[in-house]
Amino acid sequence: DPEDAMTDRSAATDRPATVATPAASAAPATDEAPTYLSDLRPDFTPFEESCGTIVGFAYRGDLAAELRAGTITPAEALDLFDAMLAIRELEEMIVRLRSGGYEPLPGFDYRGPTHVSIGQEATSVGAANALRPEDYVTSSHRGHGDAVAKGFAAIRRMADDALRARLGGVDGDRPTLLAAALEDHLFRIIAELFGKEEGYSHGRGGGMHIGDFSTGHLGANAIVGGSVPIATGAAMAIRYRGEDRVVCCFAGDGAYANGVVLESLNWACQAQWTNHLAGRRPFGLPIVYLIQNNHYGMTHRTDDEVMGVRHLARRGAGFQDGNMAAEVINGMDVLAVRDAVRRAAARCRAGQGPVLLEASTYRYYGHSLSDPRVEYRTREEEAAWRAIDPLVTFERQLLEAGVADAATIAALKVRARERNARAAVRAAQGTDPDPAEVLRYLYTDRVADPPPRLEIEPLHAPPPEAKRDAAGTITYREAIREALVEEMLRDPRVLVYGEDVADYGGAFKVTKGLLEAFGRRRVFNTPISEAAICGTAVGAAMVGLRPVVELMYMDFALMASDQIANQAAKWHYMSGGQLDVPLVIRASVGAGK
């Protein structure tokens, strides 16, 4: 039963949970293009619905059990520890820089708002390790650890030639290449923190917008919840293209009271992704929503104060019959996170996404470094979480399982500290952006010509043709539709979606006839969720589609102002030109018709 896929695990204490891989879904349906979905006839038959159940903290494995089960090797276990050490070292460097106590950079003037994730390393590392290099992640303003973890996991799986290319032709044996690439990854993250040209985003994104698009990191986001619809749009693009990829969307507990986040959950659970009219792949969106629940939004408590549910995994109950597949996991245990994300990703690859995971974790420091944290939580609370520190507990497991001895552990810590110091010194000596280039990356001049050999799907019916008068004149409405038809015939990356654009043809009939010609894979209705409409279009455009979305009236654009003004408009700049956001937003403006 697919509903059991997230809870099918061993309860034995001496072996890890098994990865439940759902059965393959039914054979894909053809993409028909009827003018209506189904008859909605009256049906008042009494019924009672269940919202489903959610399992929490069911993982009973440990490193020794994972080794016995063959789900991890000693080398992979050491890699997990190394990645967590890298995050901890980088984040503690930031804290010490602010106080002037980072010895490799005495007197360095570190500026800008910074939100460290010390204590949350296991969630980032466990999730990234469970993903494939080609999978995508999005992150939040507290996202340095996510960036380190995704890069480390992807780099460790690169072939030697890819490592050489990444390093600009540096040669050597695999250990040499790997060590150099990992250190270079840290260097480029720190350079971005320091606002240097050598940073991933050439210093334009800073600490809250780090993204390494070469390893599938679609960027971190300063707006709470701002990346959730972007991740959802990327998953929609994966589904449309039939790719074997997954998106893991990192966001904090505070985001899950945000409107656009709830719109995104509803978007991901739409019946049209899985019913028989959804297209050749009747699959749900391949996205794992991973809540990094550190139990504080900024200074307010998520628990027992600003939320009405005990576990945020319950958020999914409102968007899918029987509850969105959901689970609560121990975010302080890297193996528990790894296990849960592996199972969630397998479920998504089998077409049974989305999945909602809540990782219970903790940040030892305040919301930012200007927040002393003493006004809203106790020392005893913090001490209780530090007692289960993810690095300390995993170090103990490494020793007990015989994977490493005390000398090996000590050497790994020294290596992580020295590697970070070298990267930091090199970053501090990097190039400050030239003030004369302050507008560089603000606009893009790249064009959107389709790549060669893109397959154009057969039409279901002749596309609509404009009615011209004797002089060849057509209306503006028909001209817009004609342009849409031309682009959809030329470029299969073009999708048209929005409010009432399918069967009805839009409020002004601009899209009438497109559904019949191109089918519901490329022309479909959406919820009345302007922020999600625009946000998913940003994500879909980031990963290669050319969405055209309709908001019906320009007034409604204000509902999507963050996604339009902060996301669509700025990502080319904030990414340092790494990506474009080739999307079109259509809306009517003016009085009268």
# chains A, B, ... in the order shown; residues from 1 in each chain; ligands from 1

$ residues_around --residues "Gly126 in chain A" --least-positions-apart "4" --cutoff "6 Å" --atoms "only C-alpha atoms" --output "PyMOL selection string"
chain A and resi 122+334+337-338

$ closest_residue --among "A:Pro433, A:Pro463, A:Gly226, A:Pro286" --to "Arg241 in chain A" --atoms "only C-alpha atoms"
A:Pro286

$ closest_residue --among "A:Met298, A:Leu290, A:Ile585, A:Ala387" --to "Glu327 in chain A" --atoms "only C-alpha atoms"
A:Leu290

$ select_by_dssp --residues "range 351-586 of chain A" --states "strand (DSSP E)" --output "ChimeraX atom specification"
/A:355-360,494-498,523-525,546-553,584-586

$ residues_around --residues "Gln563 in chain A" --least-positions-apart "3" --cutoff "8 Å" --atoms "only C-alpha atoms" --output "MDAnalysis selection string"
chainID A and resid 226 531 534:535 538 560 566:568

$ write_last_selection --atoms "all heavy atoms" --output "CSV table (one decimal), in the first residue's frame"
chain,number,residue,atom,x,y,z
A,226,GLY,N,10.1,31.7,0.8
A,226,GLY,CA,10.2,32.2,-0.5
A,226,GLY,C,10.6,31.2,-1.5
A,226,GLY,O,10.2,31.2,-2.7
A,531,ALA,N,0.5,33.7,-5.8
A,531,ALA,CA,1.9,33.6,-5.4
A,531,ALA,C,2.4,32.3,-5.8
A,531,ALA,O,3.6,32.2,-6.3
A,531,ALA,CB,2.0,33.7,-3.9
A,534,CYS,N,3.0,32.3,-9.8
A,534,CYS,CA,4.3,33.0,-10.2
A,534,CYS,C,5.5,32.3,-9.6
A,534,CYS,O,6.5,32.2,-10.3
A,534,CYS,CB,4.2,34.4,-9.7
A,534,CYS,SG,2.9,35.4,-10.5
A,535,GLY,N,5.4,31.8,-8.4
A,535,GLY,CA,6.6,31.1,-7.8
A,535,GLY,C,6.9,29.8,-8.5
A,535,GLY,O,8.1,29.5,-8.7
A,538,VAL,N,8.7,30.6,-11.6
A,538,VAL,CA,10.1,31.0,-11.4
A,538,VAL,C,10.9,29.7,-11.3
A,538,VAL,O,12.0,29.6,-12.0
A,538,VAL,CB,10.3,31.8,-10.1
A,538,VAL,CG1,11.8,31.9,-9.7
A,538,VAL,CG2,9.6,33.2,-10.2
A,560,ALA,N,1.1,38.3,-5.5
A,560,ALA,CA,2.3,37.5,-5.8
A,560,ALA,C,3.5,38.4,-5.8
A,560,ALA,O,4.5,38.1,-6.4
A,560,ALA,CB,2.2,36.9,-7.2
A,566,ASN,N,10.8,40.0,-5.7
A,566,ASN,CA,12.0,39.5,-5.0
A,566,ASN,C,12.6,38.3,-5.6
A,566,ASN,O,13.8,38.0,-5.5
A,566,ASN,CB,11.6,39.2,-3.5
A,566,ASN,CG,11.6,40.4,-2.7
A,566,ASN,OD1,12.3,41.4,-2.9
A,566,ASN,ND2,10.6,40.4,-1.7
A,567,GLN,N,11.8,37.5,-6.3
A,567,GLN,CA,12.3,36.2,-6.9
A,567,GLN,C,12.6,36.3,-8.4
A,567,GLN,O,13.7,36.3,-8.8
A,567,GLN,CB,11.4,35.0,-6.5
A,567,GLN,CG,11.0,35.0,-5.1
A,567,GLN,CD,12.1,34.7,-4.1
A,567,GLN,OE1,13.2,34.3,-4.5
A,567,GLN,NE2,11.9,35.1,-2.8
A,568,ALA,N,11.5,36.4,-9.1
A,568,ALA,CA,11.6,36.5,-10.6
A,568,ALA,C,12.6,37.6,-11.0
A,568,ALA,O,13.5,37.4,-11.9
A,568,ALA,CB,10.3,36.6,-11.3

$ atom_distance --atom1 "CA of Thr361 in chain A" --atom2 "CA of Asn294 in chain A"
4.8 Å

$ closest_atom_pairs --of "range 98-124 of chain A" --to "range 193-208 of chain A" --cutoff "12 Å" --atoms "only C-alpha atoms" --output "tab-separated table"
residue	atom	partner	partner_atom	distance
A:Phe108	CA	A:Phe194	CA	10.1
A:Asp109	CA	A:Phe194	CA	9.3
A:Tyr110	CA	A:Phe194	CA	6.9
A:Arg111	CA	A:Phe194	CA	7.7
A:Gly112	CA	A:Gly207	CA	8.0
A:Pro113	CA	A:Gly207	CA	7.8
A:Thr114	CA	A:Gly207	CA	6.7
A:His115	CA	A:Met208	CA	8.2
A:Val116	CA	A:Gly207	CA	9.9

$ write_last_selection --atoms "N, CA, C and O atoms" --output "compact mmCIF listing (two decimals), in the first residue's frame"
# COMPACT_ATOMS: atom_id res chain seq x y z
N PHE A 108 39.79 40.76 10.71
CA PHE A 108 39.00 40.79 9.48
C PHE A 108 37.63 41.39 9.78
O PHE A 108 36.96 41.02 10.75
N ASP A 109 37.20 42.32 8.94
CA ASP A 109 35.94 43.03 9.15
C ASP A 109 34.82 42.29 8.42
O ASP A 109 34.56 42.53 7.24
N TYR A 110 34.18 41.37 9.13
CA TYR A 110 33.09 40.59 8.52
C TYR A 110 31.78 41.33 8.74
O TYR A 110 31.43 41.69 9.86
N ARG A 111 31.05 41.55 7.65
CA ARG A 111 29.84 42.35 7.73
C ARG A 111 28.63 41.57 7.21
O ARG A 111 28.77 40.55 6.57
N GLY A 112 27.47 42.14 7.46
CA GLY A 112 26.25 41.58 6.92
C GLY A 112 25.52 40.69 7.90
O GLY A 112 26.11 40.11 8.81
N PRO A 113 24.20 40.57 7.74
CA PRO A 113 23.41 39.69 8.61
C PRO A 113 23.78 38.24 8.36
O PRO A 113 24.00 37.84 7.22
N THR A 114 23.86 37.49 9.44
CA THR A 114 24.28 36.09 9.32
C THR A 114 23.43 35.23 10.25
O THR A 114 23.26 35.56 11.42
N HIS A 115 22.95 34.12 9.72
CA HIS A 115 22.09 33.20 10.47
C HIS A 115 22.74 31.83 10.46
O HIS A 115 22.70 31.14 9.43
N VAL A 116 23.35 31.44 11.56
CA VAL A 116 24.10 30.19 11.59
C VAL A 116 23.19 29.03 11.97
O VAL A 116 22.15 29.20 12.61

$ closest_residue --among "A:Glu437, A:Glu358, A:Glu103, A:Glu121" --to "Val341 in chain A" --atoms "only C-alpha atoms"
A:Glu358

$ residues_around --residues "range 388-404 of chain A" --least-positions-apart "6" --cutoff "10 Å" --atoms "only C-alpha atoms" --output "NGL selection string"
:A and (62-65 or 67 or 73-75 or 77-78 or 80-82 or 84-85 or 88 or 118-123 or 331-335 or 361-362 or 364 or 410)

$ write_last_selection --atoms "C-alpha atoms" --output "PDB file, in the first residue's frame"
ATOM      1  CA  ASP A  62      22.503   2.996  14.373  1.00  0.00           C
ATOM      2  CA  LEU A  63      25.804   2.929  12.517  1.00  0.00           C
ATOM      3  CA  ALA A  64      26.674  -0.618  13.535  1.00  0.00           C
ATOM      4  CA  ALA A  65      23.301  -1.849  12.288  1.00  0.00           C
ATOM      5  CA  LEU A  67      27.036  -1.457   8.442  1.00  0.00           C
ATOM      6  CA  THR A  73      30.232   1.570   4.129  1.00  0.00           C
ATOM      7  CA  PRO A  74      32.874   2.687   6.633  1.00  0.00           C
ATOM      8  CA  ALA A  75      34.184   5.194   4.095  1.00  0.00           C
ATOM      9  CA  ALA A  77      30.259   6.950   7.349  1.00  0.00           C
ATOM     10  CA  LEU A  78      33.490   8.928   7.608  1.00  0.00           C
ATOM     11  CA  LEU A  80      29.144  11.953   6.719  1.00  0.00           C
ATOM     12  CA  PHE A  81      31.234  12.930   9.714  1.00  0.00           C
ATOM     13  CA  ASP A  82      33.580  15.012   7.560  1.00  0.00           C
ATOM     14  CA  MET A  84      29.213  17.702   9.459  1.00  0.00           C
ATOM     15  CA  LEU A  85      32.636  18.832  10.659  1.00  0.00           C
ATOM     16  CA  ARG A  88      30.388  23.182  12.093  1.00  0.00           C
ATOM     17  CA  ILE A 118      25.107  25.182  14.453  1.00  0.00           C
ATOM     18  CA  GLY A 119      23.298  22.142  15.848  1.00  0.00           C
ATOM     19  CA  GLN A 120      21.423  21.360  12.623  1.00  0.00           C
ATOM     20  CA  GLU A 121      24.274  19.686  10.727  1.00  0.00           C
ATOM     21  CA  ALA A 122      22.772  16.199  10.736  1.00  0.00           C
ATOM     22  CA  THR A 123      19.650  17.312   8.893  1.00  0.00           C
ATOM     23  CA  GLY A 331      16.945  15.720  12.928  1.00  0.00           C
ATOM     24  CA  MET A 332      19.865  15.326  15.328  1.00  0.00           C
ATOM     25  CA  ASP A 333      20.605  11.825  13.968  1.00  0.00           C
ATOM     26  CA  VAL A 334      22.288  11.910  10.560  1.00  0.00           C
ATOM     27  CA  LEU A 335      21.409   8.260   9.887  1.00  0.00           C
ATOM     28  CA  THR A 361      16.471  19.694  15.374  1.00  0.00           C
ATOM     29  CA  TYR A 362      17.857  22.734  17.221  1.00  0.00           C
ATOM     30  CA  TYR A 364      22.324  26.582  19.517  1.00  0.00           C
ATOM     31  CA  ALA A 410      41.337  13.754  15.932  1.00  0.00           C
TER      32      ALA A 410
END

$ closest_residue --among "A:Gly576, A:Pro452, A:Gly351, A:Pro133" --to "Gly284 in chain A" --atoms "only C-alpha atoms"
A:Gly351

$ atom_distance --atom1 "CA of Arg166 in chain A" --atom2 "CA of Glu243 in chain A"
24.2 Å

$ atom_distance --atom1 "CA of Tyr573 in chain A" --atom2 "CA of His209 in chain A"
10.5 Å

$ closest_residue --among "A:Met542, A:Ala591, A:Leu579, A:Leu439" --to "Ser227 in chain A" --atoms "only C-alpha atoms"
A:Met542

$ closest_residue --among "A:Met236, A:Leu218, A:Ala128, A:Met158" --to "Ala340 in chain A" --atoms "only C-alpha atoms"
A:Ala128

$ residues_around --residues "Val228 in chain A" --least-positions-apart "4" --cutoff "8 Å" --atoms "only C-alpha atoms" --output "ChimeraX atom specification"
/A:138,232,249,251,260-261,264

$ write_last_selection --atoms "all heavy atoms" --output "PDB file, in the first residue's frame"
ATOM      1  N   THR A 138      16.563  23.374  -2.674  1.00  0.00           N
ATOM      2  CA  THR A 138      16.453  24.804  -2.393  1.00  0.00           C
ATOM      3  C   THR A 138      16.627  24.973  -0.893  1.00  0.00           C
ATOM      4  O   THR A 138      16.442  24.034  -0.117  1.00  0.00           O
ATOM      5  CB  THR A 138      15.101  25.388  -2.830  1.00  0.00           C
ATOM      6  OG1 THR A 138      14.051  24.736  -2.089  1.00  0.00           O
ATOM      7  CG2 THR A 138      14.874  25.217  -4.316  1.00  0.00           C
ATOM      8  N   THR A 232       8.770  23.817  -5.825  1.00  0.00           N
ATOM      9  CA  THR A 232       7.592  23.134  -6.365  1.00  0.00           C
ATOM     10  C   THR A 232       7.547  23.256  -7.880  1.00  0.00           C
ATOM     11  O   THR A 232       7.222  22.300  -8.597  1.00  0.00           O
ATOM     12  CB  THR A 232       6.321  23.723  -5.725  1.00  0.00           C
ATOM     13  OG1 THR A 232       6.441  23.688  -4.291  1.00  0.00           O
ATOM     14  CG2 THR A 232       5.087  22.942  -6.140  1.00  0.00           C
ATOM     15  N   CYS A 249      13.312  20.303  -0.724  1.00  0.00           N
ATOM     16  CA  CYS A 249      13.072  21.697  -0.363  1.00  0.00           C
ATOM     17  C   CYS A 249      13.310  21.881   1.131  1.00  0.00           C
ATOM     18  O   CYS A 249      12.487  21.491   1.966  1.00  0.00           O
ATOM     19  CB  CYS A 249      11.644  22.085  -0.734  1.00  0.00           C
ATOM     20  SG  CYS A 249      11.170  23.736  -0.205  1.00  0.00           S
ATOM     21  N   ALA A 251      13.336  24.101   4.351  1.00  0.00           N
ATOM     22  CA  ALA A 251      12.763  25.343   4.887  1.00  0.00           C
ATOM     23  C   ALA A 251      12.494  25.132   6.375  1.00  0.00           C
ATOM     24  O   ALA A 251      12.272  23.998   6.821  1.00  0.00           O
ATOM     25  CB  ALA A 251      11.484  25.721   4.153  1.00  0.00           C
ATOM     26  N   VAL A 260       2.320  31.404   1.082  1.00  0.00           N
ATOM     27  CA  VAL A 260       2.790  30.826  -0.173  1.00  0.00           C
ATOM     28  C   VAL A 260       3.259  29.391   0.019  1.00  0.00           C
ATOM     29  O   VAL A 260       3.212  28.580  -0.914  1.00  0.00           O
ATOM     30  CB  VAL A 260       3.909  31.695  -0.791  1.00  0.00           C
ATOM     31  CG1 VAL A 260       5.213  31.542  -0.030  1.00  0.00           C
ATOM     32  CG2 VAL A 260       4.099  31.380  -2.267  1.00  0.00           C
ATOM     33  N   VAL A 261       3.695  29.049   1.226  1.00  0.00           N
ATOM     34  CA  VAL A 261       4.099  27.671   1.513  1.00  0.00           C
ATOM     35  C   VAL A 261       2.878  26.762   1.500  1.00  0.00           C
ATOM     36  O   VAL A 261       2.896  25.669   0.905  1.00  0.00           O
ATOM     37  CB  VAL A 261       4.845  27.589   2.846  1.00  0.00           C
ATOM     38  CG1 VAL A 261       5.127  26.143   3.232  1.00  0.00           C
ATOM     39  CG2 VAL A 261       6.146  28.390   2.775  1.00  0.00           C
ATOM     40  N   SER A 264       1.775  26.224  -1.887  1.00  0.00           N
ATOM     41  CA  SER A 264       2.650  25.289  -2.600  1.00  0.00           C
ATOM     42  C   SER A 264       2.305  23.850  -2.266  1.00  0.00           C
ATOM     43  O   SER A 264       2.356  22.971  -3.143  1.00  0.00           O
ATOM     44  CB  SER A 264       4.113  25.577  -2.260  1.00  0.00           C
ATOM     45  OG  SER A 264       4.481  26.879  -2.661  1.00  0.00           O
TER      46      SER A 264
END
